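The structure under discussion appears below in the form of structure tokens.
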Amino acid sequence: MVPHLEVIHLTKRIGERVLFGDISFTLNEREHIGLIAKNGTGKSTLLSIIAGQEGYDSGDIIFKKDLRIGYLEQSPSYPPELTVIEACFWHGNEVTNVIRNYEQCMQTEGNPGLERLLTEMDHLKAWEYEQRIKQVLSRLKINHFDQRISELSGGQIKRVALANILITEPDMLVLDEPTNHLDIEMIEWLEKQLSASTKSIFMVTHDRYFLDNICSTIIEMDNSTIYTYRGNYAYYLEKRQERIDNLNQEIARANNLYRTELEWMRRMPQARGHKAKYREDAFYELEKVAKQRVEERTMRLQMQSTYIGSKIFKAANIYKAYGETVILKDFNYTFSRYEKMGLIGNNGTGKSTFIKLLQGLEQPDKGHFDIGETIRFGYYSQEGMVFNPGDKVIDIVRKIAEYIDLGGGKHLTASQFLQHFLFSPEEQYNLVAKLSGGERRRLYLCTVLMRSPNFLILDEPTNDLDIMTLQILEQYLQDFKGCVIVVSHDRYFMDKIVDHLLVFKGQGEIQDFPGNYSQYREWKNERDRREAEKAKTEKSKAEKGAKQSLSENDKPSGQRWQSDRKRKLTFKERREMEALEADIASLEAEKKTIEERLSSGQISVDEITSLSRRLPILNEELDEKSMRWLELSEIEG
């Protein structure tokens, strides 16, 4: 395989802190690599360095000659006055540059360099750039192409940036959390695109199904060391555990030997002077192994939640709408004790509004919620993370509680609680201003959980959290003695936590499904398959019945023809049959052309709309003419 990227002994420092040191790895042609590491260890920084957006202290980064890179930042930005389409041309890349040069050439007298630019435009497929980007934007549910960037949310801007790099067709994709701000439908579409892609991919994502289905190699960065696993995420989990078990055995053996050697080293200095120098050197190497610490959460964090009564909440005839957009329509539901519910659906169908209504943060237009007296909500929201940048991590937690009750007379100190969520004693004294986005999310999660709620509402909790934190959170929620509502596009997380779903379909339509996301998806696919087969069978029966009916109606009144008596076609009927054959051939050719155009990926959204409207009309004409041709052919016998 041809290496697209070689990282050799790379080191990056921020002040005195070594973010990562002396790391090396290779990304080969067509290889898909997923990077896994704890928040704050430099994942986004490494991607930024590879994309050429940030410098490094030492080492080498070697790219294949003329390699074109598409880089999706975690939080992309554009000038606010640009439209969506203009933003897709804003960040300089090879395609947009050649389009700009071509336009300047055409406006310059004599068109200097036109022949070369025409060749480049053909090579980069730049002629249909705008049409292609509109198609991809539409799949990512960005449909107002003239809308200003200043009017878009952060999630919409990221989707614009994602569309931008997808249509430029670079040789290598560098993706920082590509599934953030995508709903499940968009994630599954993107997953299909990338899993079938022959481009090399280097990405960071917390979506483990996405990681599992796309990546052929997993790289873990742990304690400034790179570990490479040649397999998908499931393979990584298996082999990582083997590595940790082997390391723990090595540490245990080293500790046993260390005690013996330590006793020897503590003898009188003059006694050591007569011993072999190599034994003393070996002792210090042994000490390094013996003092290693493998940071694993072997003890599940089971906190004492506040008592929860049998009455949770009841929704009675809830109606909520914003203009013509209906969120809830005559919604009724009685929530059970210890229930763990997931909310899924496309963006804008009302999931976040529902949980705000439940907590009284918004009011329904009609109906009411009856909340149990013992309910104590813990709400993790995308807007709730507000910290003083000058505060230390430990001080923020201590303001809430010095001790966390585990029940049974057991408790954790604030510092011990933070360690469960991967804040080491040293990191607990960092200022909030120095934390990464993921570390701030992790700290915010701690502040929600340590208040001992009995009803947790988590709105997109997986965004920006590393996989290690998600595993801890999943264990916590599985053991949680209370109620949970989760809004998430993370399919893996939903499968691990929830026991049933509310599926928001839009305009107030909500389906209650008894199972997790994968079970729902399997059920939906099977239902869609059966409905398609049923429709096909019913259409076949209808066509057969229509033929029989037409055959009977063509017989003269009061006369029953013998099955072996066939009349000849009249001259007029024969001419009609010939015309039908020509029409059918013409319609089939037009249908084939339309289908090829729709699947080409090189037409505008307006043309897609026009052709999509023409296709069912065309099929209807074909059915009618084919039916009449069959009638005439039966007469001809």
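We label chains A, B, ... in the order they appear in the structure tokens, count residues from 1 in each chain, and number ligands from 1 in the order shown.
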- Would you please extract all strand (DSSP E or B) residues from range 104-284 of chain A, as assigned by DSSP on the backbone, and give them as a list in words? Arg148, Met172, Leu173, Val174, Leu175, Asp176, Ser200, Ile201, Phe202, Met203, Val204, Thr217, Ile218, Ile219, Glu220, Met221, Asp222, Thr225, Ile226, Tyr227, Thr228 and Tyr229 of chain A
- Neighbours of Gln156 in chain A within 10 Å (only C-alpha atoms; same-chain residues fewer than 5 positions away dropped), as number ranges by chain? A: 84, 140-142, 149, 151, 161-162, 181-182
* To do: Do a neighbour search on range 415-419 of chain A at 9 Å with only C-alpha atoms, toss out local chain neighbours closer than 6 positions, and write the hits as an NGL selection string.
  => :A and (301 or 393-394 or 397-398 or 402-404 or 425 or 428 or 443 or 446 or 450)
Using N, CA and C atoms, can you write the selected residues to a file as a CSV table (one decimal), in the first residue's frame?
```csv
chain,number,residue,atom,x,y,z
A,301,LEU,N,-19.5,3.1,39.4
A,301,LEU,CA,-19.9,4.2,40.3
A,301,LEU,C,-21.4,4.1,40.5
A,393,VAL,N,-11.2,23.4,38.5
A,393,VAL,CA,-12.1,22.3,38.4
A,393,VAL,C,-12.6,21.8,39.8
A,394,ILE,N,-11.7,21.6,40.7
A,394,ILE,CA,-12.1,21.1,42.0
A,394,ILE,C,-13.0,22.1,42.8
A,397,VAL,N,-16.8,21.8,41.7
A,397,VAL,CA,-17.5,20.7,42.2
A,397,VAL,C,-17.7,20.8,43.7
A,398,ARG,N,-16.7,21.4,44.4
A,398,ARG,CA,-16.9,21.6,45.9
A,398,ARG,C,-18.0,22.6,46.2
A,402,GLU,N,-19.0,18.7,49.1
A,402,GLU,CA,-17.7,18.2,49.5
A,402,GLU,C,-17.7,16.7,49.4
A,403,TYR,N,-18.9,16.1,49.7
A,403,TYR,CA,-18.9,14.6,49.7
A,403,TYR,C,-20.2,14.2,48.9
A,404,ILE,N,-20.1,13.0,48.2
A,404,ILE,CA,-21.2,12.5,47.4
A,404,ILE,C,-21.6,11.2,48.1
A,425,PRO,N,-5.8,13.9,39.9
A,425,PRO,CA,-5.6,14.9,41.0
A,425,PRO,C,-4.9,16.2,40.5
A,428,GLN,N,-7.4,18.4,38.4
A,428,GLN,CA,-8.4,19.0,39.1
A,428,GLN,C,-8.1,20.4,39.5
A,443,LEU,N,-16.9,18.0,32.8
A,443,LEU,CA,-17.1,18.7,34.1
A,443,LEU,C,-18.5,19.0,34.3
A,446,CYS,N,-20.4,16.1,35.4
A,446,CYS,CA,-20.2,15.8,36.9
A,446,CYS,C,-21.1,16.7,37.7
A,450,MET,N,-23.8,14.8,40.4
A,450,MET,CA,-23.4,14.8,41.8
A,450,MET,C,-24.5,15.5,42.7
```
Please list as an mmCIF file with N, CA and C atoms, in the first residue's frame every residue within 12 Å of Asn213 in chain A, counting only C-alpha atoms and excluding residues in the same chain fewer than 5 positions away.
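Contents of the output file result10.cif:
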```
data_model
loop_
_atom_site.group_PDB
_atom_site.id
_atom_site.type_symbol
_atom_site.label_atom_id
_atom_site.label_comp_id
_atom_site.auth_asym_id
_atom_site.auth_seq_id
_atom_site.Cartn_x
_atom_site.Cartn_y
_atom_site.Cartn_z
ATOM 1 N N HIS A 32 -8.881 3.583 6.424
ATOM 2 C CA HIS A 32 -9.774 4.393 7.263
ATOM 3 C C HIS A 32 -9.365 4.200 8.725
ATOM 4 N N ILE A 33 -8.827 5.250 9.331
ATOM 5 C CA ILE A 33 -8.324 5.171 10.707
ATOM 6 C C ILE A 33 -9.184 6.025 11.627
ATOM 7 N N GLY A 34 -9.549 5.457 12.770
ATOM 8 C CA GLY A 34 -10.234 6.202 13.821
ATOM 9 C C GLY A 34 -9.284 6.417 14.988
ATOM 10 N N ILE A 187 -26.681 10.727 9.738
ATOM 11 C CA ILE A 187 -25.514 9.915 10.133
ATOM 12 C C ILE A 187 -25.456 8.637 9.304
ATOM 13 N N GLU A 188 -26.590 7.982 9.123
ATOM 14 C CA GLU A 188 -26.597 6.720 8.372
ATOM 15 C C GLU A 188 -26.292 6.961 6.898
ATOM 16 N N LEU A 190 -24.305 9.471 5.777
ATOM 17 C CA LEU A 190 -22.869 9.753 5.747
ATOM 18 C C LEU A 190 -22.061 8.471 5.949
ATOM 19 N N GLU A 191 -22.553 7.605 6.814
ATOM 20 C CA GLU A 191 -21.876 6.327 7.073
ATOM 21 C C GLU A 191 -21.764 5.506 5.794
ATOM 22 N N LYS A 192 -22.834 5.467 5.012
ATOM 23 C CA LYS A 192 -22.802 4.723 3.744
ATOM 24 C C LYS A 192 -21.808 5.347 2.774
ATOM 25 N N GLN A 193 -21.779 6.692 2.735
ATOM 26 C CA GLN A 193 -20.863 7.376 1.826
ATOM 27 C C GLN A 193 -19.405 7.059 2.166
ATOM 28 N N LEU A 194 -19.073 7.142 3.443
ATOM 29 C CA LEU A 194 -17.680 6.982 3.856
ATOM 30 C C LEU A 194 -17.236 5.523 3.871
ATOM 31 N N SER A 195 -18.128 4.615 4.255
ATOM 32 C CA SER A 195 -17.738 3.199 4.310
ATOM 33 C C SER A 195 -17.428 2.659 2.917
ATOM 34 N N ALA A 196 -18.085 3.228 1.891
ATOM 35 C CA ALA A 196 -17.838 2.786 0.517
ATOM 36 C C ALA A 196 -16.742 3.595 -0.163
ATOM 37 N N ASP A 207 -19.050 8.402 18.002
ATOM 38 C CA ASP A 207 -20.122 7.498 17.565
ATOM 39 C C ASP A 207 -19.515 6.134 17.253
ATOM 40 N N ARG A 208 -19.736 5.170 18.143
ATOM 41 C CA ARG A 208 -19.039 3.899 18.034
ATOM 42 C C ARG A 208 -19.567 3.003 16.926
ATOM 43 N N ILE A 218 -7.867 1.180 14.228
ATOM 44 C CA ILE A 218 -8.084 2.070 15.368
ATOM 45 C C ILE A 218 -6.730 2.418 15.971
ATOM 46 N N GLY A 231 -8.077 -3.389 12.941
ATOM 47 C CA GLY A 231 -9.441 -3.914 12.941
ATOM 48 C C GLY A 231 -10.412 -2.796 13.268
ATOM 49 N N ASN A 232 -11.688 -3.125 13.358
ATOM 50 C CA ASN A 232 -12.687 -2.096 13.656
ATOM 51 C C ASN A 232 -12.800 -1.882 15.166
ATOM 52 N N TYR A 233 -13.831 -1.155 15.590
ATOM 53 C CA TYR A 233 -13.953 -0.789 16.997
ATOM 54 C C TYR A 233 -14.158 -2.016 17.885
ATOM 55 N N ALA A 234 -14.959 -2.977 17.421
ATOM 56 C CA ALA A 234 -15.197 -4.191 18.212
ATOM 57 C C ALA A 234 -13.879 -4.948 18.424
ATOM 58 N N TYR A 235 -13.058 -5.018 17.376
ATOM 59 C CA TYR A 235 -11.752 -5.682 17.484
ATOM 60 C C TYR A 235 -10.862 -4.916 18.464
ATOM 61 N N TYR A 492 -25.313 3.736 19.389
ATOM 62 C CA TYR A 492 -24.667 2.813 20.323
ATOM 63 C C TYR A 492 -25.080 3.149 21.756
#
```
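For Leu357 in chain A, the residues within 12 Å (counting only C-alpha atoms, excluding itself and residues fewer than 5 positions away along the chain) are Phe313, Ala315, Ile318, Tyr319, Lys320, Ala321, Ile327, Leu328, Gly350, Lys351, Ser352, Glu362, Gln363, Pro364, Asp365, Lys366, Gly367, His368, Phe369, Asp370 and Ile371 of chain A.
The interatomic distance for the pair CA of Ser58 in chain A and CA of Val18 in chain A works out to 11.7 Å.
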Residues near range 438-440 of chain A, anyone? I mean within 9 Å using only C-alpha atoms, not counting same-chain ones fewer than 5 positions away, as a JSON list (two decimals) with N, CA and C atoms, in the first residue's frame.
```json
[["chain", "number", "residue", "atom", "x", "y", "z"],
["A", 38, "LYS", "N", -8.58, 10.16, 25.39],
["A", 38, "LYS", "CA", -9.33, 10.92, 26.39],
["A", 38, "LYS", "C", -9.36, 12.39, 25.99],
["A", 39, "ASN", "N", -10.46, 13.08, 26.35],
["A", 39, "ASN", "CA", -10.53, 14.52, 26.12],
["A", 39, "ASN", "C", -9.33, 15.21, 26.77],
["A", 40, "GLY", "N", -8.79, 16.19, 26.06],
["A", 40, "GLY", "CA", -7.70, 16.97, 26.62],
["A", 40, "GLY", "C", -6.32, 16.43, 26.29],
["A", 385, "MET", "N", -24.06, 24.70, 30.05],
["A", 385, "MET", "CA", -22.69, 24.68, 30.52],
["A", 385, "MET", "C", -22.16, 26.12, 30.66],
["A", 387, "PHE", "N", -19.57, 28.29, 33.10],
["A", 387, "PHE", "CA", -18.57, 28.29, 34.17],
["A", 387, "PHE", "C", -17.80, 29.59, 34.17],
["A", 423, "PHE", "N", -10.68, 12.96, 35.69],
["A", 423, "PHE", "CA", -9.90, 14.13, 36.08],
["A", 423, "PHE", "C", -8.89, 13.68, 37.14],
["A", 432, "VAL", "N", -10.63, 26.41, 34.47],
["A", 432, "VAL", "CA", -11.61, 26.07, 33.44],
["A", 432, "VAL", "C", -11.17, 26.62, 32.08],
["A", 445, "LEU", "N", -21.10, 17.47, 33.11],
["A", 445, "LEU", "CA", -21.79, 16.22, 33.42],
["A", 445, "LEU", "C", -21.64, 15.89, 34.91],
["A", 463, "ASN", "N", -22.35, 14.50, 22.63],
["A", 463, "ASN", "CA", -21.58, 15.46, 21.84],
["A", 463, "ASN", "C", -20.33, 15.90, 22.60],
["A", 464, "ASP", "N", -19.18, 15.78, 21.96],
["A", 464, "ASP", "CA", -17.89, 16.27, 22.47],
["A", 464, "ASP", "C", -17.34, 15.46, 23.64],
["A", 465, "LEU", "N", -18.02, 14.39, 24.06],
["A", 465, "LEU", "CA", -17.47, 13.54, 25.12],
["A", 465, "LEU", "C", -16.65, 12.42, 24.48],
["A", 466, "ASP", "N", -15.50, 12.12, 25.09],
["A", 466, "ASP", "CA", -14.68, 11.03, 24.55],
["A", 466, "ASP", "C", -15.31, 9.68, 24.88]]
```
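Going from CA of Ile594 in chain A to CA of Thr198 in chain A covers 27.5 Å.
Counting only C-alpha atoms, the residue from A:Arg521, A:Lys496, A:Lys340, A:Arg575 that sits nearest to Phe480 in chain A is A:Lys340.
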Practice problem: List the neighbours of Ser48 in chain A out to 8 Å using only C-alpha atoms; skip same-chain residues closer than 5 positions along the sequence, and give me the result as JSON, numbers by chain. | Solution: {"A": [53, 54, 73]}
Same residues, N, CA and C atoms, saved as a PDB file, in the first residue's frame:
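So out-v1.pdb came out as:
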```
ATOM      1  N   GLN A  53      -3.043  23.414   9.899  1.00  0.00           N
ATOM      2  CA  GLN A  53      -3.611  24.590  10.540  1.00  0.00           C
ATOM      3  C   GLN A  53      -2.846  25.013  11.795  1.00  0.00           C
ATOM      4  N   GLU A  54      -1.961  24.159  12.270  1.00  0.00           N
ATOM      5  CA  GLU A  54      -1.273  24.409  13.533  1.00  0.00           C
ATOM      6  C   GLU A  54       0.139  23.828  13.464  1.00  0.00           C
ATOM      7  N   GLU A  73     -13.193  20.835  10.567  1.00  0.00           N
ATOM      8  CA  GLU A  73     -12.891  21.252  11.930  1.00  0.00           C
ATOM      9  C   GLU A  73     -14.049  20.912  12.868  1.00  0.00           C
TER      10      GLU A  73
END
```
